[in-house]
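Note: the block below is input.txt and it holds compact mmCIF, C-alpha atoms.
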```
# COMPACT_ATOMS: atom_id res chain seq x y z
CA MET A 1118 237.68 -1.65 70.12
CA HIS A 1119 239.93 -3.18 72.69
CA TYR A 1120 239.11 -3.23 76.43
CA GLY A 1121 241.40 -5.08 78.82
CA GLY A 1122 242.16 -7.83 76.31
CA ASN A 1123 238.52 -8.25 75.16
CA THR A 1124 237.74 -7.22 71.64
CA ALA A 1125 234.02 -7.98 71.83
CA TRP A 1126 231.47 -9.11 74.32
CA THR A 1127 229.21 -11.62 72.63
CA GLU A 1128 228.12 -13.85 75.49
CA GLY A 1129 226.65 -13.36 78.92
CA PRO A 1130 223.86 -11.24 80.36
CA CYS A 1131 224.23 -8.43 77.84
CA CYS A 1132 223.40 -10.61 74.90
CA VAL A 1133 220.74 -12.95 76.23
CA ALA A 1134 217.29 -12.17 74.86
CA GLN A 1135 215.05 -11.15 77.75
CA ASP A 1136 211.29 -11.05 77.85
CA CYS A 1137 209.69 -7.85 79.01
CA GLN A 1138 206.25 -7.13 80.36
CA ALA A 1139 204.50 -3.80 80.79
CA LEU A 1140 202.44 -3.58 83.97
CA PHE A 1141 201.39 -0.99 86.53
CA ALA A 1142 199.12 -0.84 89.53
CA TYR A 1143 197.31 2.26 90.67
CA THR A 1144 195.51 3.78 93.61
CA ILE A 1145 192.79 6.39 93.22
CA ILE A 1146 192.88 9.06 95.92
CA PRO A 1147 189.20 9.30 96.96
CA GLY A 1148 187.45 12.64 96.51
CA THR A 1149 190.12 13.98 94.15
CA ASN A 1150 191.10 13.65 90.50
CA GLN A 1151 194.43 12.14 91.56
CA ILE A 1152 195.88 8.70 91.05
CA ILE A 1153 199.14 7.12 92.14
CA LEU A 1154 200.75 4.82 89.58
CA PHE A 1155 203.23 2.10 90.55
CA ASP A 1156 205.45 0.58 87.86
CA MET A 1157 205.49 -3.22 88.00
CA SER A 1158 207.06 -3.79 84.58
CA LEU A 1159 209.60 -6.52 83.94
CA ASN A 1160 212.92 -5.73 82.18
CA ALA A 1161 211.85 -2.22 81.14
CA GLU A 1162 214.46 0.41 80.28
CA SER A 1163 212.20 2.93 78.53
CA TRP A 1164 208.67 3.99 79.57
CA ILE A 1165 205.96 5.99 77.75
CA LEU A 1166 202.68 6.66 79.58
CA ASP A 1167 199.55 7.88 77.79
CA MET A 1168 197.36 9.22 80.61
CA GLY A 1169 194.16 9.14 78.54
CA ASP A 1170 193.59 12.90 78.68
CA GLY A 1171 195.99 13.96 75.95
CA THR A 1172 199.04 13.93 78.23
CA THR A 1173 202.01 11.71 77.41
CA LEU A 1174 204.81 11.19 79.93
CA SER A 1175 208.14 9.52 79.16
CA GLY A 1176 211.24 8.54 81.03
CA PHE A 1177 211.81 6.39 84.10
CA PHE A 1178 209.20 6.02 86.79
CA ASP A 1179 208.93 3.88 89.88
CA SER A 1180 205.79 5.61 91.09
CA LEU A 1181 204.13 8.90 90.32
CA VAL A 1182 201.15 11.00 91.33
CA TYR A 1183 199.04 12.37 88.47
CA VAL A 1184 196.25 14.95 88.74
CA TYR A 1185 193.50 15.03 86.10
CA ASN A 1186 191.84 18.37 85.30
CA ALA A 1187 188.34 16.91 85.67
CA PRO A 1188 186.56 13.78 86.87
CA GLY A 1189 186.02 11.18 84.15
CA VAL A 1190 186.82 7.73 82.89
CA TYR A 1191 190.31 7.49 81.44
CA GLU A 1192 192.31 4.76 79.74
CA ILE A 1193 195.95 4.81 80.83
CA CYS A 1194 198.38 3.00 78.53
CA LEU A 1195 202.00 2.14 79.27
CA GLU A 1196 204.46 1.21 76.54
CA ILE A 1197 207.85 -0.16 77.55
CA SER A 1198 210.95 -1.35 75.74
CA ASN A 1199 214.58 -2.19 76.39
CA PHE A 1200 217.38 0.01 75.04
CA ALA A 1201 218.16 -2.42 72.24
CA GLY A 1202 214.53 -2.31 71.10
CA SER A 1203 214.42 -6.10 70.97
CA CYS A 1204 211.56 -6.27 73.45
CA THR A 1205 208.48 -4.03 73.66
CA ASP A 1206 205.15 -4.44 75.43
CA ASN A 1207 201.98 -2.46 76.15
CA TYR A 1208 199.52 -2.48 79.03
CA CYS A 1209 196.32 -0.43 79.43
CA ALA A 1210 193.83 0.00 82.26
CA ILE A 1211 190.59 1.94 82.56
CA ILE A 1212 190.20 4.17 85.60
CA ASP A 1213 186.96 5.78 86.75
CA LEU A 1214 187.25 9.12 88.54
CA GLU A 1215 183.52 9.88 88.29
CA PRO A 1216 182.11 10.35 91.79
CA ASN A 1217 178.84 8.41 92.11
CA SER A 1218 178.03 8.44 88.41
CA THR A 1219 177.46 5.86 85.73
CA GLY A 1220 180.94 6.46 84.31
CA ASN A 1221 179.59 6.68 80.76
CA LEU A 1222 182.27 6.27 78.11
CA HIS A 1223 180.20 6.56 74.93
CA ALA A 1224 176.63 5.88 76.07
CA GLN A 1225 174.19 8.75 76.46
CA GLY A 1226 170.92 8.23 78.29
CA ILE A 1227 171.98 5.00 80.00
CA GLN A 1228 171.68 4.71 83.76
CA MET A 1229 173.48 2.00 85.72
CA GLN A 1230 173.25 1.29 89.44
CA LEU A 1231 175.23 -1.17 91.57
CA ILE A 1232 173.34 -2.15 94.72
CA PRO A 1233 174.94 -2.46 97.22
CA ASN A 1234 178.26 -0.74 96.59
CA PRO A 1235 180.48 -1.51 98.54
CA ALA A 1236 179.43 -5.16 98.50
CA SER A 1237 180.76 -8.47 99.80
CA ILE A 1238 178.50 -11.36 98.70
CA SER A 1239 176.99 -10.00 95.48
CA THR A 1240 175.94 -6.75 93.83
CA ARG A 1241 172.83 -6.22 91.73
CA VAL A 1242 173.32 -4.36 88.46
CA LYS A 1243 170.31 -2.35 87.30
CA LEU A 1244 170.52 -0.94 83.79
CA ALA A 1245 167.99 1.48 82.25
CA GLY A 1246 167.99 3.01 78.78
CA ALA A 1247 169.72 0.16 76.92
CA MET A 1248 169.93 -3.63 76.79
CA PRO A 1249 173.19 -5.22 77.90
CA VAL A 1250 175.11 -7.34 75.42
CA LYS A 1251 178.03 -8.36 77.64
CA VAL A 1252 179.18 -7.60 81.17
CA ARG A 1253 182.64 -8.01 82.72
CA LEU A 1254 184.07 -7.51 86.19
CA LEU A 1255 187.63 -6.17 85.80
CA ASP A 1256 190.37 -6.10 88.43
CA ILE A 1257 192.75 -3.14 88.83
CA TYR A 1258 194.98 -4.61 86.13
CA GLY A 1259 192.12 -4.61 83.60
CA GLN A 1260 191.84 -8.41 83.66
CA ALA A 1261 188.34 -9.92 83.49
CA ILE A 1262 187.65 -12.00 86.59
CA TRP A 1263 183.96 -12.62 85.77
CA GLN A 1264 181.86 -12.15 82.66
CA GLN A 1265 178.45 -12.94 81.25
CA ALA A 1266 177.03 -12.66 77.74
CA GLN A 1267 173.47 -11.45 77.09
CA PRO A 1268 172.50 -10.67 80.71
CA PRO A 1269 169.04 -9.27 81.46
CA ALA A 1270 168.61 -5.55 82.31
CA GLU A 1271 168.83 -6.49 86.02
CA PHE A 1272 171.25 -9.18 87.24
CA ASP A 1273 173.59 -10.12 90.09
CA ILE A 1274 177.38 -10.36 90.03
CA PRO A 1275 178.59 -12.99 92.53
CA LEU A 1276 181.39 -11.70 94.76
CA ILE A 1277 181.75 -14.43 97.40
CA GLU A 1278 185.11 -15.60 95.96
CA VAL A 1279 186.36 -12.14 94.96
CA THR A 1280 189.20 -10.63 97.01
CA ALA A 1281 188.49 -7.31 98.73
CA GLY A 1282 189.50 -4.29 96.65
CA MET A 1283 188.45 -1.98 93.85
CA TYR A 1284 186.98 -3.34 90.61
CA ILE A 1285 185.33 -2.00 87.47
CA VAL A 1286 181.97 -3.26 86.21
CA GLU A 1287 181.95 -2.83 82.43
CA VAL A 1288 178.68 -3.29 80.51
CA GLU A 1289 178.59 -3.31 76.72
CA THR A 1290 175.19 -2.31 75.32
CA GLU A 1291 173.79 -1.70 71.85
CA LYS A 1292 174.24 2.04 72.59
CA GLY A 1293 177.80 1.93 73.92
CA ARG A 1294 179.86 0.99 76.95
CA VAL A 1295 179.08 1.94 80.55
CA VAL A 1296 181.49 1.46 83.46
CA ARG A 1297 181.14 1.84 87.20
CA LYS A 1298 183.56 1.46 90.09
CA LEU A 1299 182.73 -1.35 92.54
CA ILE A 1300 184.28 -1.77 95.98
CA VAL A 1301 184.38 -5.32 97.33
CA ASP A 1302 184.83 -5.50 101.10
```
Transcribe the structure of this file into structure tokens.
Amino acid sequence: MHYGGNTAWTEGPCCVAQDCQALFAYTIIPGTNQIILFDMSLNAESWILDMGDGTTLSGFFDSLVYVYNAPGVYEICLEISNFAGSCTDNYCAIIDLEPNSTGNLHAQGIQMQLIPNPASISTRVKLAGAMPVKVRLLDIYGQAIWQQAQPPAEFDIPLIEVTAGMYIVEVETEKGRVVRKLIVD
């Protein structure tokens, strides 16, 4: 092909390998089964969202509002790529739309309380019906900001250095995983 004297374009921005990163932030609309997702991906040209309820969305998105049919705990996964397919990435986050519940994922008969919630200095985790194996405090991006192995059935999570916002307390037990939303103020 011949365009304005150029027969090929082999250098410059089109041909430089670029890293890409899948990332989104979200806001839960209190008292509803709605979330607002905000795309924060780097160098994405194609997006596929698995909403965790059997729904898959594709195409471009800057932000979107999604309504779940029922309260629950859902894992949202975003897969991005560039048009050339030379860069792909995935990012997943767990969201808890259970109002005032333990947010059980796979654990039956386990009760978990966070006292107080909202909290500012620390929150006490009380677990009944199973022994904890590992506990993590996750930020809205799903990144662990605190964790402890083999905690007792009742323990404190220190929050004095944690920024105000919404977090997820995730407890792995011998019977399954239990999650609960924690508000730090």
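By all atoms listed in the file, and with residues fewer than 4 positions from stretch 1164-1173 of chain A along its chain excluded, the set lying at most 8 Å from it is Phe1177, Phe1178, Tyr1185, Tyr1191, Glu1192, Ile1193, Cys1194, Leu1195, Glu1196, Ile1197 and Ser1198 of chain A.
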Write out the residues from the selection above, keeping C-alpha atoms, as a PDB file, keeping the file's coordinate frame.
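Heads up, here's the output in part_22.pdb:
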```
ATOM      1  CA  PHE A1177     211.810   6.390  84.100  1.00  0.00           C
ATOM      2  CA  PHE A1178     209.200   6.020  86.790  1.00  0.00           C
ATOM      3  CA  TYR A1185     193.500  15.030  86.100  1.00  0.00           C
ATOM      4  CA  TYR A1191     190.310   7.490  81.440  1.00  0.00           C
ATOM      5  CA  GLU A1192     192.310   4.760  79.740  1.00  0.00           C
ATOM      6  CA  ILE A1193     195.950   4.810  80.830  1.00  0.00           C
ATOM      7  CA  CYS A1194     198.380   3.000  78.530  1.00  0.00           C
ATOM      8  CA  LEU A1195     202.000   2.140  79.270  1.00  0.00           C
ATOM      9  CA  GLU A1196     204.460   1.210  76.540  1.00  0.00           C
ATOM     10  CA  ILE A1197     207.850  -0.160  77.550  1.00  0.00           C
ATOM     11  CA  SER A1198     210.950  -1.350  75.740  1.00  0.00           C
TER      12      SER A1198
END
```
I want to know what sits within 9 Å of A:Thr1205, based on only C-alpha atoms, with residues of the same chain fewer than 2 positions away left out; could you give that as a short mmCIF file (atom, residue, chain, number, x, y, z; two decimals) with C-alpha atoms, in the frame of the given file?
```cif
data_model
loop_
_atom_site.label_atom_id
_atom_site.label_comp_id
_atom_site.auth_asym_id
_atom_site.auth_seq_id
_atom_site.Cartn_x
_atom_site.Cartn_y
_atom_site.Cartn_z
CA ASP A 1136 211.29 -11.05 77.85
CA CYS A 1137 209.69 -7.85 79.01
CA GLN A 1138 206.25 -7.13 80.36
CA ALA A 1139 204.50 -3.80 80.79
CA ALA A 1161 211.85 -2.22 81.14
CA GLU A 1196 204.46 1.21 76.54
CA ILE A 1197 207.85 -0.16 77.55
CA SER A 1198 210.95 -1.35 75.74
CA ASN A 1199 214.58 -2.19 76.39
CA GLY A 1202 214.53 -2.31 71.10
CA SER A 1203 214.42 -6.10 70.97
CA ASN A 1207 201.98 -2.46 76.15
#
```
Around stretch 1228-1234 of chain A, fit a box with edges along x, y and z, padding it by 4 Å on each side, then list its centre and edge lengths in Å to one decimal as AutoDock Vina command-line options.
```
--center_x 175.0 --center_y 1.1 --center_z 90.5 --size_x 14.6 --size_y 15.2 --size_z 21.5
```
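Nearest to A:Ala1245 of all the residues A:Met1157, A:Ile1274, A:Met1229, A:Ala1266 is A:Met1229, based on only C-alpha atoms.
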Can you tell me which residues surround A:Asp1179 at a distance of at most 10 Å, considering all atoms listed in the file, apart from same-chain residues fewer than 5 positions away, and format the answer as a list in words? Phe1141, Leu1154, Phe1155, Asp1156, Met1157 and Ser1158 of chain A
Work out how far atom CA of A:Ala1142 is from atom CA of A:Leu1231, in Å to one decimal. 24.0 Å
Pick from A:Gln1260, A:Gln1151, A:Thr1290, A:Asn1160: nearest to A:Ile1211, with all atoms listed in the file counted?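 Distance minimum relative to A:Ile1211 lands on A:Gln1260.
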All residues 10 Å or closer to A:Gly1226, all atoms listed in the file, same chain fewer than 4 positions away omitted, as a PyMOL selection string: chain A and resi 1221+1245-1247+1292
Could you check how far atom CA of A:Leu1254 sits from atom CA of A:Ile1285, in Å to one decimal?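 According to the coordinates, atom CA of A:Leu1254 and atom CA of A:Ile1285 are separated by 5.8 Å.
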Please provide the set of residues having any atom within 10 Å of A:Met1248, restricted to all atoms listed in the file, with same-chain residues fewer than 2 positions apart removed, written as a ChimeraX atom specification. /A:1227,1244-1246,1250-1251,1267-1271,1288-1292
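Counting only C-alpha atoms, the residue from A:Asp1206, A:Glu1215, A:Asp1256, A:Asp1302 that sits nearest to A:Tyr1143 is A:Asp1256.
Closest approach to A:Pro1249 from the set A:Ser1175, A:Cys1204, A:Leu1181, A:Arg1294 is made by A:Arg1294, with distances taken over only C-alpha atoms.
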